[in-house]
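J.: Following this line is upload04.txt, made up of compact mmCIF, C-alpha atoms:
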# COMPACT_ATOMS: atom_id res chain seq x y z
CA MET A 1 121.76 74.99 124.69
CA ASN A 2 124.97 76.93 124.27
CA ASN A 3 125.54 75.20 120.96
CA PHE A 4 122.03 76.05 119.85
CA LEU A 5 122.57 79.73 120.64
CA LYS A 6 125.87 79.67 118.79
CA ASP A 7 124.21 78.16 115.70
CA PHE A 8 121.43 80.73 115.89
CA ILE A 9 123.82 83.69 116.02
CA CYS A 10 125.90 82.09 113.27
CA SER A 11 122.87 81.75 110.99
CA ILE A 12 121.89 85.39 111.59
CA ILE A 13 125.40 86.52 110.68
CA LEU A 14 125.23 84.35 107.56
CA ALA A 15 121.90 85.92 106.59
CA ILE A 16 123.30 89.44 107.01
CA LYS A 17 126.33 88.41 104.98
CA LYS A 18 124.04 87.18 102.23
CA VAL A 19 122.17 90.48 102.12
CA GLY A 20 125.48 92.30 101.81
CA ALA A 21 126.79 89.93 99.14
CA SER A 22 123.61 90.21 97.06
CA THR A 23 123.75 94.01 97.31
CA ILE A 24 127.31 94.01 96.01
CA PHE A 25 126.17 91.61 93.29
CA LEU A 26 123.32 93.99 92.41
CA ILE A 27 125.81 96.85 92.03
CA LYS A 28 128.03 94.69 89.84
CA ILE A 29 125.09 93.77 87.60
CA SER A 30 123.89 97.38 87.43
CA SER A 31 127.26 98.57 86.20
CA CYS A 32 127.02 96.14 83.23
CA LEU A 33 123.35 96.83 82.46
CA PRO A 34 123.52 99.88 80.15
CA ARG A 35 126.22 98.32 77.98
CA ILE A 36 124.52 94.95 77.54
CA ILE A 37 121.19 96.60 76.69
CA TYR A 38 122.92 98.85 74.17
CA THR A 39 125.28 96.36 72.55
CA ARG A 40 123.41 93.03 72.74
CA PRO A 41 119.68 93.77 73.03
CA GLU A 42 118.85 90.38 71.49
CA LEU A 43 120.17 88.65 74.63
CA VAL A 44 117.71 90.66 76.72
CA ILE A 45 114.85 89.91 74.32
CA LYS A 46 115.65 86.19 74.54
CA GLN A 47 115.40 86.41 78.33
CA ILE A 48 112.15 88.38 78.23
CA TYR A 49 110.85 85.50 76.11
CA ASN A 50 112.13 82.87 78.56
CA VAL A 51 111.01 84.66 81.67
CA GLY A 52 107.94 86.56 80.55
CA ALA A 53 106.36 85.05 77.49
CA LEU A 54 106.73 81.48 78.71
CA SER A 55 105.15 82.42 82.05
CA LEU A 56 102.07 83.80 80.34
CA VAL A 57 99.98 80.63 80.48
CA ILE A 58 100.44 79.97 84.20
CA ILE A 59 99.89 83.67 84.99
CA MET A 60 96.73 83.90 82.92
CA VAL A 61 95.15 80.70 84.23
CA SER A 62 96.00 81.57 87.85
CA ALA A 63 94.75 85.13 87.41
CA PHE A 64 91.45 83.94 86.01
CA PHE A 65 90.81 81.61 88.93
CA VAL A 66 92.07 84.07 91.56
CA GLY A 67 89.71 86.67 90.11
CA MET A 68 86.80 84.24 90.04
CA VAL A 69 87.31 83.14 93.64
CA LEU A 70 87.60 86.81 94.69
CA GLY A 71 84.23 87.39 93.04
CA LEU A 72 82.66 84.45 94.89
CA GLN A 73 84.16 85.21 98.29
CA GLY A 74 83.64 88.94 97.92
CA TYR A 75 80.00 88.42 97.01
CA ASP A 76 79.45 86.05 99.90
CA SER A 77 81.11 88.35 102.47
CA LEU A 78 79.58 91.57 101.17
CA ALA A 79 76.09 90.05 100.96
CA ARG A 80 76.19 89.84 104.77
CA PHE A 81 76.35 93.65 104.82
CA ASP A 82 73.84 94.01 101.97
CA ALA A 83 76.65 95.55 99.97
CA GLU A 84 77.09 92.89 97.28
CA THR A 85 77.03 95.52 94.53
CA SER A 86 80.44 96.74 95.78
CA VAL A 87 82.00 93.39 94.92
CA GLY A 88 83.64 94.87 91.82
CA ALA A 89 85.28 97.70 93.74
CA VAL A 90 86.42 95.51 96.64
CA SER A 91 87.83 92.79 94.38
CA ALA A 92 89.53 95.29 92.08
CA LEU A 93 91.23 97.09 94.98
CA GLY A 94 92.36 93.82 96.53
CA LEU A 95 93.54 92.50 93.20
CA PHE A 96 95.31 95.61 91.87
CA LYS A 97 96.98 96.66 95.11
CA GLU A 98 97.79 93.35 96.73
CA LEU A 99 97.00 90.02 95.14
CA GLY A 100 98.09 90.91 91.62
CA PRO A 101 101.68 91.90 92.39
CA VAL A 102 102.20 89.35 95.19
CA VAL A 103 100.74 86.28 93.49
CA THR A 104 102.47 87.20 90.23
CA ALA A 105 105.78 87.52 92.09
CA LEU A 106 105.31 84.16 93.80
CA LEU A 107 104.37 82.45 90.54
CA PHE A 108 107.21 84.25 88.81
CA SER A 109 109.79 83.00 91.30
CA GLY A 110 108.37 79.49 91.02
CA ARG A 111 108.18 79.44 87.23
CA ALA A 112 111.01 81.71 86.08
CA GLY A 113 113.25 82.22 89.12
CA THR A 114 113.93 78.52 89.53
CA ALA A 115 114.65 78.17 85.82
CA ILE A 116 117.16 81.03 85.96
CA ALA A 117 118.84 79.74 89.12
CA SER A 118 119.19 76.16 87.88
CA GLU A 119 120.36 77.27 84.43
CA ILE A 120 123.08 79.51 85.85
CA GLY A 121 123.93 76.89 88.48
CA LEU A 122 124.39 74.23 85.82
CA MET A 123 126.50 76.62 83.74
CA LYS A 124 128.72 77.06 86.78
CA THR A 125 128.82 73.33 87.50
CA THR A 126 129.88 72.54 83.95
CA ASP A 127 132.53 75.30 84.10
CA GLN A 128 130.90 77.37 81.38
CA LEU A 129 131.19 80.51 83.49
CA SER A 130 134.90 79.89 84.14
CA ALA A 131 135.38 79.27 80.42
CA MET A 132 133.87 82.66 79.68
CA GLU A 133 136.22 84.30 82.16
CA MET A 134 139.12 82.50 80.46
CA MET A 135 138.09 84.13 77.17
CA ALA A 136 137.91 87.53 78.88
CA VAL A 137 134.13 87.54 78.59
CA ASN A 138 132.48 88.83 81.71
CA PRO A 139 129.84 86.23 82.67
CA ILE A 140 128.01 88.81 84.78
CA GLU A 141 127.56 90.93 81.68
CA TYR A 142 126.60 88.18 79.24
CA VAL A 143 124.79 85.66 81.44
CA ILE A 144 123.56 87.38 84.58
CA ALA A 145 122.61 90.90 83.47
CA PRO A 146 120.25 89.90 80.60
CA ARG A 147 118.35 87.49 82.87
CA PHE A 148 118.14 90.10 85.59
CA ILE A 149 116.83 92.90 83.37
CA GLY A 150 114.54 90.45 81.56
CA GLY A 151 112.89 89.64 84.88
CA ILE A 152 112.51 93.30 85.81
CA ILE A 153 110.89 94.14 82.47
CA SER A 154 108.61 91.12 82.55
CA MET A 155 107.25 91.45 86.10
CA PRO A 156 105.17 94.64 85.70
CA LEU A 157 103.81 93.41 82.37
CA LEU A 158 102.87 90.05 83.88
CA THR A 159 101.25 91.83 86.82
CA ALA A 160 99.22 94.07 84.54
CA ILE A 161 98.05 91.01 82.59
CA PHE A 162 97.26 89.25 85.88
CA ASN A 163 95.18 92.21 87.06
CA ALA A 164 93.30 92.56 83.79
CA ILE A 165 92.47 88.85 83.50
CA GLY A 166 91.69 88.65 87.21
CA ILE A 167 89.13 91.42 87.12
CA THR A 168 87.57 89.82 84.06
CA GLY A 169 87.21 86.60 86.06
CA THR A 170 85.61 88.52 88.94
CA CYS A 171 83.22 90.19 86.52
CA ILE A 172 82.18 86.86 84.99
CA VAL A 173 81.44 85.29 88.39
CA ALA A 174 79.77 88.34 89.94
CA VAL A 175 77.68 89.31 86.93
CA ASN A 176 76.90 86.01 85.23
CA LEU A 177 76.80 83.64 88.18
CA MET A 178 75.81 85.72 91.19
CA GLY A 179 73.55 88.14 89.37
CA VAL A 180 75.12 91.52 90.17
CA ASP A 181 74.04 94.02 87.55
CA SER A 182 76.93 94.58 85.16
CA GLY A 183 76.39 98.36 84.97
CA VAL A 184 76.45 98.66 88.78
CA PHE A 185 79.49 96.38 88.96
CA TRP A 186 81.55 98.54 86.61
CA SER A 187 80.31 101.91 87.86
CA GLN A 188 81.12 100.97 91.48
CA LEU A 189 84.50 99.71 90.33
CA ILE A 190 85.35 102.77 88.26
CA SER A 191 84.22 105.29 90.86
CA ASN A 192 86.20 103.66 93.67
CA VAL A 193 89.45 102.70 91.95
CA ASP A 194 91.92 105.52 91.39
CA LEU A 195 94.82 105.61 89.00
CA ALA A 196 97.03 105.63 92.12
CA ASP A 197 95.72 102.17 93.06
CA VAL A 198 96.75 100.73 89.70
CA THR A 199 100.17 102.41 89.80
CA GLU A 200 100.71 101.21 93.38
CA GLY A 201 100.42 97.63 92.13
CA ILE A 202 102.72 98.27 89.19
CA ILE A 203 105.36 99.96 91.39
CA LYS A 204 105.18 97.02 93.77
CA SER A 205 105.62 94.59 90.91
CA ILE A 206 108.72 96.40 89.64
CA ILE A 207 110.29 96.19 93.11
CA PHE A 208 109.29 92.52 93.42
CA GLY A 209 110.76 91.95 89.96
CA VAL A 210 114.09 93.37 91.09
CA ALA A 211 114.04 91.28 94.28
CA ALA A 212 112.94 87.98 92.71
CA SER A 213 115.31 88.28 89.73
CA LEU A 214 118.24 89.29 91.94
CA ILE A 215 117.67 86.35 94.26
CA ALA A 216 117.42 83.93 91.32
CA VAL A 217 120.64 85.05 89.61
CA PHE A 218 122.46 85.41 92.94
CA GLU A 219 121.58 81.90 94.13
CA GLY A 220 122.42 80.43 90.73
CA TYR A 221 125.74 82.26 90.49
CA ASN A 222 126.81 81.40 94.03
CA CYS A 223 125.66 77.78 94.17
CA SER A 224 128.17 75.08 95.01
CA PRO A 225 129.11 73.46 91.70
CA SER A 226 127.53 70.06 92.14
CA ALA A 227 124.23 68.37 91.33
CA GLU A 228 123.19 68.81 94.93
CA GLY A 229 124.26 72.46 94.94
CA VAL A 230 122.11 73.27 91.90
CA GLY A 231 119.10 71.66 93.55
CA LEU A 232 119.75 73.56 96.75
CA ALA A 233 120.08 76.83 94.81
CA THR A 234 116.66 76.30 93.18
CA THR A 235 115.04 75.58 96.52
CA ARG A 236 116.67 78.61 98.13
CA THR A 237 115.49 80.78 95.25
CA VAL A 238 111.84 79.93 95.84
CA VAL A 239 112.06 80.18 99.63
CA SER A 240 114.04 83.43 99.74
CA SER A 241 111.96 85.05 96.99
CA ALA A 242 108.67 84.20 98.70
CA VAL A 243 109.81 85.51 102.09
CA THR A 244 111.47 88.61 100.62
CA VAL A 245 108.44 89.46 98.48
CA LEU A 246 106.04 89.16 101.41
CA ILE A 247 108.26 91.27 103.71
CA LEU A 248 108.83 93.89 100.99
CA ASP A 249 105.09 93.90 100.32
CA TYR A 250 104.35 94.91 103.89
CA LEU A 251 107.08 97.56 103.88
CA ILE A 252 105.96 99.12 100.58
CA THR A 253 102.31 99.07 101.61
CA SER A 254 103.04 100.75 104.92
CA ALA A 255 105.14 103.35 103.10
CA ILE A 256 102.41 104.11 100.56
CA ILE A 257 99.32 104.11 102.79
CA MET B 1 116.58 81.10 62.01
CA LYS B 2 112.95 80.09 62.20
CA LYS B 3 113.20 79.53 65.96
CA ILE B 4 114.57 83.02 66.54
CA LYS B 5 111.69 84.49 64.59
CA SER B 6 109.22 82.65 66.79
CA VAL B 7 110.99 83.91 69.91
CA GLU B 8 110.76 87.49 68.67
CA LEU B 9 107.13 87.06 67.69
CA GLU B 10 106.10 85.63 71.04
CA THR B 11 108.12 88.21 72.99
CA GLY B 12 106.49 90.94 70.96
CA LEU B 13 103.05 89.47 71.62
CA PHE B 14 103.82 89.26 75.34
CA ILE B 15 104.96 92.88 75.52
CA LEU B 16 102.00 94.13 73.50
CA LEU B 17 99.65 92.12 75.71
CA GLY B 18 101.28 93.62 78.80
CA PHE B 19 100.88 97.16 77.55
CA ALA B 20 97.31 96.42 76.45
CA ALA B 21 96.63 95.25 80.00
CA ILE B 22 98.14 98.42 81.48
CA PHE B 23 96.06 100.49 79.06
CA PHE B 24 92.91 98.57 80.04
CA LEU B 25 93.62 98.97 83.76
CA THR B 26 94.34 102.68 83.60
CA THR B 27 91.52 103.70 81.27
CA GLN B 28 88.70 101.24 81.87
CA THR B 29 88.91 100.55 85.60
CA THR B 30 89.77 103.93 87.09
CA ASN B 31 88.02 107.26 87.31
CA ILE B 32 90.75 108.85 85.27
CA GLU B 33 88.77 111.93 84.22
CA SER B 34 89.20 113.45 87.66
CA TYR B 35 92.94 113.52 86.98
CA LEU B 36 92.63 114.88 83.49
CA SER B 37 90.27 117.73 84.36
CA ASP B 38 92.80 119.71 86.34
CA ASP B 39 91.72 122.94 84.74
CA GLY B 40 88.67 124.76 85.96
CA TYR B 41 87.88 127.69 88.19
CA ASP B 42 88.05 127.87 91.97
CA VAL B 43 85.07 128.90 94.04
CA THR B 44 85.06 129.12 97.83
CA ALA B 45 82.29 128.34 100.25
CA ARG B 46 82.19 128.74 104.03
CA PHE B 47 80.61 126.12 106.25
CA GLU B 48 80.07 126.01 109.99
CA ASP B 49 80.66 122.28 109.99
CA ILE B 50 81.86 120.14 107.12
CA GLY B 51 81.31 116.81 108.89
CA GLY B 52 83.33 114.13 107.12
CA LEU B 53 83.89 115.93 103.83
CA ASN B 54 87.13 114.95 102.14
CA ILE B 55 89.37 116.49 99.52
CA ARG B 56 88.42 115.20 96.03
CA ALA B 57 84.80 114.70 97.08
CA PRO B 58 82.47 115.40 94.15
CA VAL B 59 80.60 118.65 93.69
CA THR B 60 77.25 118.00 92.06
CA MET B 61 74.40 119.99 90.62
CA ALA B 62 71.14 118.21 89.90
CA GLY B 63 73.04 114.99 90.59
CA VAL B 64 75.65 115.61 87.89
CA THR B 65 79.27 115.87 89.01
CA ILE B 66 80.50 119.31 87.97
CA GLY B 67 83.69 119.52 90.01
CA ARG B 68 85.72 118.36 92.97
CA VAL B 69 86.63 119.63 96.42
CA GLU B 70 90.12 121.06 95.94
CA GLN B 71 91.10 122.20 99.41
CA ILE B 72 89.68 122.41 102.92
CA LEU B 73 90.96 125.10 105.30
CA LEU B 74 89.98 126.62 108.61
CA ASP B 75 89.51 130.39 108.71
CA PRO B 76 91.49 131.31 111.85
CA GLU B 77 89.45 134.47 112.56
CA ARG B 78 85.89 133.40 111.92
CA LEU B 79 86.58 129.79 112.93
CA GLU B 80 84.70 128.46 109.95
CA ALA B 81 85.67 125.84 107.41
CA VAL B 82 86.62 127.28 104.03
CA VAL B 83 86.14 124.80 101.22
CA VAL B 84 87.69 125.48 97.83
CA LEU B 85 85.75 123.89 94.99
CA LYS B 86 87.21 123.35 91.56
CA ILE B 87 84.40 123.55 89.00
CA ASN B 88 84.93 122.19 85.49
CA PRO B 89 85.26 125.01 82.95
CA GLU B 90 82.33 123.84 80.83
CA TYR B 91 79.95 124.70 83.69
CA HIS B 92 80.52 128.45 83.69
CA GLN B 93 76.92 129.61 83.96
CA ILE B 94 76.15 128.74 87.57
CA PRO B 95 74.15 131.60 89.15
CA LEU B 96 76.03 133.68 91.71
CA ASP B 97 73.36 133.24 94.40
CA SER B 98 73.36 129.43 94.24
CA ASP B 99 73.55 127.67 97.56
CA ALA B 100 75.87 124.82 98.52
CA SER B 101 75.05 122.11 101.01
CA ILE B 102 77.02 119.13 102.25
CA LEU B 103 75.06 115.97 101.61
CA THR B 104 75.60 112.31 102.25
CA SER B 105 75.11 109.68 99.56
CA GLY B 106 73.10 106.93 101.20
CA LEU B 107 72.93 106.50 104.95
CA LEU B 108 76.59 105.71 105.47
CA GLY B 109 78.06 106.74 102.10
CA GLY B 110 80.66 109.38 101.42
CA GLN B 111 79.83 113.07 101.66
CA TYR B 112 79.63 115.42 98.72
CA ILE B 113 78.63 119.00 97.98
CA GLY B 114 75.33 119.61 96.25
CA ILE B 115 74.73 122.98 94.60
CA ASN B 116 71.19 124.27 94.12
CA PRO B 117 70.90 126.93 91.43
CA GLY B 118 69.75 130.41 92.38
CA GLY B 119 68.02 132.97 90.17
CA SER B 120 70.76 135.52 89.59
CA PHE B 121 71.86 136.46 86.08
CA ASP B 122 75.47 136.83 87.21
CA SER B 123 77.57 133.68 87.18
CA LEU B 124 80.17 132.29 89.54
CA VAL B 125 83.68 133.09 88.35
CA GLU B 126 87.20 132.33 89.56
CA GLY B 127 87.53 133.44 93.17
CA SER B 128 83.88 134.14 93.89
CA GLU B 129 82.30 132.88 97.07
CA ILE B 130 79.09 130.94 97.51
CA GLU B 131 77.29 132.87 100.24
CA PHE B 132 74.43 130.56 101.05
CA THR B 133 75.68 127.33 102.55
CA GLN B 134 74.24 124.57 104.62
CA SER B 135 76.52 122.58 106.87
CA ALA B 136 76.79 118.83 106.99
CA ILE B 137 74.11 117.07 108.94
CA VAL B 138 75.91 115.19 111.66
CA LEU B 139 73.97 112.10 112.57
CA GLU B 140 74.97 112.26 116.25
CA ASP B 141 73.65 115.85 116.55
CA LEU B 142 70.35 114.79 115.00
CA ILE B 143 69.98 111.92 117.44
CA GLY B 144 70.89 114.22 120.32
CA LYS B 145 68.28 116.80 119.26
CA TYR B 146 65.68 114.08 118.87
CA LEU B 147 66.39 112.73 122.35
CA LEU B 148 66.18 116.25 123.82
CA SER B 149 62.86 116.93 122.12
CA VAL B 150 61.50 113.61 123.37
CA GLY B 151 62.64 114.54 126.87
CA ASP B 152 60.74 117.86 126.75
CA GLU B 153 57.37 116.30 126.17
Represent the supplied structure as structure tokens.
T.:
Amino acid sequence: MNNFLKDFICSIILAIKKVGASTIFLIKISSCLPRIIYTRPELVIKQIYNVGALSLVIIMVSAFFVGMVLGLQGYDSLARFDAETSVGAVSALGLFKELGPVVTALLFSGRAGTAIASEIGLMKTTDQLSAMEMMAVNPIEYVIAPRFIGGIISMPLLTAIFNAIGITGTCIVAVNLMGVDSGVFWSQLISNVDLADVTEGIIKSIIFGVAASLIAVFEGYNCSPSAEGVGLATTRTVVSSAVTVLILDYLITSAII
Amino acid sequence: MKKIKSVELETGLFILLGFAAIFFLTTQTTNIESYLSDDGYDVTARFEDIGGLNIRAPVTMAGVTIGRVEQILLDPERLEAVVVLKINPEYHQIPLDSDASILTSGLLGGQYIGINPGGSFDSLVEGSEIEFTQSAIVLEDLIGKYLLSVGDE
């Protein structure tokens, strides 16, 4: 029992240490960011391609089905209150404010975060990062910072695409399958969704982008240089990103509402 | 060289698609005109009871939205609600003796202000007050009155 308590306290201290270390890491990356964007923008563009453009397919397909299922479930639930014409408004609010940013962030950490973490981890394992340091090239500037900023730029764009495709999916199900009039669907949606609802989702996605990208580069950079360590870093990336995003989501929502 | 071109092309497509999505979301799925029409003139109206009227509730005339509720205050002396309405500038010929009433859209819908035109030749201008008002109909009061009237018989 005593041992168990000791382990528990130890793991809490480790977690706090990790938060501190990743914050210091964030500051280190931030100090390199302006220079890398200014001097080597092509590195950032390459990462936006890797992180954003290559995630498009999974984001679009998921968004379409999430939107469609929102339309079905929303219709079914709202029909019990005789309010099925509001399905557009309800789905849009849920999608723009909540599901869009969160699901995009989870997919993002699964698709792009793991790729970043394992890539950086393998670079460390094969001593590429040390080699850069030997040549007086700062690996944080040339390897970490472009991936980090690429993730931050990609997340809001991916979320916006997710939202747009999602609401199209909802519209197709509600209007074509369930028979809600398309004029009523869109007028209800437009009159109930404010610009603030859309921007809330985009702001969330930017914060999630910072968190998910930071966790990915941090875990990759600090993995133990072995095959096992790289695998562990990838797993940790997904787990930490998912938990962090969901906690942050609650905090941001409670701050905004 | 060819590979780099494809990377740039696809990144460009991705970014354009993202901005197209943001454009779609902000213009096609929101009631953005209420943010754009910030100009207009303010008119006040006093109500005994505003019920559940909210800021940004629509102001309508003949069912057409002509403005928004800008501000809701309580007059500390007369203990009445003072509602400031922002009317869009294109509707500048509303008769001065029009009356405003707080209505409810549907049985449980949101409340809005309906303006019935009067017959005056003078128009409402910035700062003028709508004198004839009708307060919100509070459902609980109605039920209470009905029960009282049933009890009298």
J.: Which one of B:Gly114, B:Pro89, B:Gly151, B:Gly119 sits closest to B:Thr60 if you count only C-alpha atoms?
T.: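 So, comparing all the options, the nearest one is B:Gly114.
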J.: Distance atom CA of A:Ile12-atom CA of A:Thr125, one decimal place?
T.: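 Going from atom CA of A:Ile12 over to atom CA of A:Thr125 covers 27.8 Å.
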J.: Could you give me, as JSON lines, a per-residue list for chain A showing, wherever an atom lies at most 7 Å from an atom of chain B, the closest pair of atoms and their distance in Å to one decimal, using all atoms listed in the file and sorting by chain then residue number from low to high?
T.:
{"residue": "A:Lys46", "atom": "CA", "partner": "B:Val7", "partner_atom": "CA", "distance": 7.0}
{"residue": "A:Ile48", "atom": "CA", "partner": "B:Thr11", "partner_atom": "CA", "distance": 6.6}
{"residue": "A:Tyr49", "atom": "CA", "partner": "B:Thr11", "partner_atom": "CA", "distance": 5.0}
{"residue": "A:Ala53", "atom": "CA", "partner": "B:Phe14", "partner_atom": "CA", "distance": 5.4}
{"residue": "A:Leu157", "atom": "CA", "partner": "B:Gly18", "partner_atom": "CA", "distance": 4.4}
{"residue": "A:Leu158", "atom": "CA", "partner": "B:Gly18", "partner_atom": "CA", "distance": 6.4}
{"residue": "A:Ala160", "atom": "CA", "partner": "B:Ala21", "partner_atom": "CA", "distance": 5.4}
{"residue": "A:Ile161", "atom": "CA", "partner": "B:Ala21", "partner_atom": "CA", "distance": 5.2}
{"residue": "A:Ala164", "atom": "CA", "partner": "B:Ala21", "partner_atom": "CA", "distance": 5.7}
{"residue": "A:Leu189", "atom": "CA", "partner": "B:Thr29", "partner_atom": "CA", "distance": 6.5}
{"residue": "A:Ile190", "atom": "CA", "partner": "B:Thr30", "partner_atom": "CA", "distance": 4.7}
{"residue": "A:Ser191", "atom": "CA", "partner": "B:Asn31", "partner_atom": "CA", "distance": 5.6}
{"residue": "A:Val193", "atom": "CA", "partner": "B:Thr30", "partner_atom": "CA", "distance": 5.0}
{"residue": "A:Asp194", "atom": "CA", "partner": "B:Thr30", "partner_atom": "CA", "distance": 5.1}
{"residue": "A:Leu195", "atom": "CA", "partner": "B:Thr30", "partner_atom": "CA", "distance": 5.7}
{"residue": "A:Val198", "atom": "CA", "partner": "B:Thr26", "partner_atom": "CA", "distance": 6.8}
J.: At a cut-off of 6 Å, using only C-alpha atoms, what residues contact stretch 68-83 of chain B? Leave out same-chain residues fewer than 3 positions from it and give the result as a CSV table (one decimal) with C-alpha atoms, in the coordinates of the input.
T.:
chain,number,residue,atom,x,y,z
B,44,THR,CA,85.1,129.1,97.8
B,45,ALA,CA,82.3,128.3,100.2
B,46,ARG,CA,82.2,128.7,104.0
B,47,PHE,CA,80.6,126.1,106.2
B,48,GLU,CA,80.1,126.0,110.0
B,55,ILE,CA,89.4,116.5,99.5
B,56,ARG,CA,88.4,115.2,96.0
B,57,ALA,CA,84.8,114.7,97.1
B,58,PRO,CA,82.5,115.4,94.2
B,59,VAL,CA,80.6,118.6,93.7
B,86,LYS,CA,87.2,123.4,91.6
J.: Find the distance between atom CA of B:His92 and atom CA of B:Val125 and write it in Å to one decimal.
T.: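 Atom CA of B:Val125 lies at a distance of 7.3 Å from atom CA of B:His92.
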J.: Just want the 9 Å neighbourhood of A:Val230, counted on only C-alpha atoms, with same-chain residues fewer than 3 positions away dropped. Output as a list in words.
T.: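 Once the nearby chain positions are removed, what remains is Ala117, Ser118, Glu119, Ile120, Gly121, Leu122, Thr125, Glu219, Gly220, Cys223, Ser224, Pro225, Ser226, Ala227, Ala233, Thr234 and Thr235 of chain A.
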J.: Please return the centre and edge lengths, in Å to one decimal, of a box with edges along x, y and z that contains all listed atoms of stretch 10-21 of chain B, widened by 8 Å on every side, as lines of an AutoDock Vina configuration file.
T.:
center_x = 102.4
center_y = 91.4
center_z = 75.5
size_x = 27.5
size_y = 27.5
size_z = 25.0
J.: So which residues touch A:Ala89 within 12 Å, counting all atoms listed in the file, skipping near sequence neighbours fewer than 5 positions away, as number ranges by chain?
T.: A: 70-71, 74-75, 78, 83-84, 94-97, 167, 170-171, 174, 184-194, 197; B: 29-31
J.: Kindly give the distance, in Å, that separates atom CA of A:Pro156 and atom CA of A:Arg236, rounded to a single decimal.
T.: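 A separation of 23.3 Å between them.
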J.: Just give me the residues with any atom within 10 Å of (101.7, 88.7, 93.5), file coordinates, counting only C-alpha atoms, written as a ChimeraX atom specification.
T.: /A:63,95-108,155,158-159,162-163,201,204-205,208,242,245-246,249
J.: Could you please give me, as a list in words, the residues of protein, DNA or RNA lying at most 8 Å from (110.8, 85.0, 82.4) in the coordinate frame of the file, considering only C-alpha atoms?
T.: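 I get Gln47, Ile48, Tyr49, Asn50, Val51, Gly52, Ala53, Leu54, Ser55, Phe108, Arg111, Ala112, Gly113, Arg147, Gly150, Gly151 and Ser154 of chain A for the residues within 8 Å of that point.
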J.: Which one is closest to A:Ile29: A:Val217, A:Leu5, A:Leu248, A:Ala255? Count only C-alpha atoms.
T.: A:Val217
J.: What would stretch 104-117 of chain A look like with N, CA and C atoms restored, written as a compact mmCIF listing (two decimals), keeping the file's coordinate frame?
T.:
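Now in part_19.txt:
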# COMPACT_ATOMS: atom_id res chain seq x y z
N THR A 104 101.63 87.24 91.43
CA THR A 104 102.47 87.20 90.23
C THR A 104 103.93 86.98 90.63
N ALA A 105 104.38 87.68 91.67
CA ALA A 105 105.78 87.52 92.09
C ALA A 105 106.05 86.10 92.57
N LEU A 106 105.10 85.52 93.32
CA LEU A 106 105.31 84.16 93.80
C LEU A 106 105.33 83.17 92.64
N LEU A 107 104.38 83.33 91.72
CA LEU A 107 104.37 82.45 90.54
C LEU A 107 105.63 82.65 89.71
N PHE A 108 106.02 83.91 89.60
CA PHE A 108 107.21 84.25 88.81
C PHE A 108 108.44 83.57 89.38
N SER A 109 108.60 83.62 90.72
CA SER A 109 109.79 83.00 91.30
C SER A 109 109.72 81.49 91.16
N GLY A 110 108.49 80.94 91.19
CA GLY A 110 108.37 79.49 91.02
C GLY A 110 108.60 79.05 89.59
N ARG A 111 108.09 79.84 88.64
CA ARG A 111 108.18 79.44 87.23
C ARG A 111 109.50 79.88 86.59
N ALA A 112 109.86 81.17 86.79
CA ALA A 112 111.01 81.71 86.08
C ALA A 112 112.26 81.76 86.96
N GLY A 113 112.09 82.10 88.24
CA GLY A 113 113.25 82.22 89.12
C GLY A 113 114.01 80.92 89.24
N THR A 114 113.28 79.82 89.40
CA THR A 114 113.93 78.52 89.53
C THR A 114 114.66 78.16 88.24
N ALA A 115 114.02 78.48 87.10
CA ALA A 115 114.65 78.17 85.82
C ALA A 115 115.96 78.92 85.68
N ILE A 116 115.95 80.22 86.05
CA ILE A 116 117.16 81.03 85.96
C ILE A 116 118.24 80.46 86.87
N ALA A 117 117.85 80.19 88.13
CA ALA A 117 118.84 79.74 89.12
C ALA A 117 119.46 78.42 88.68
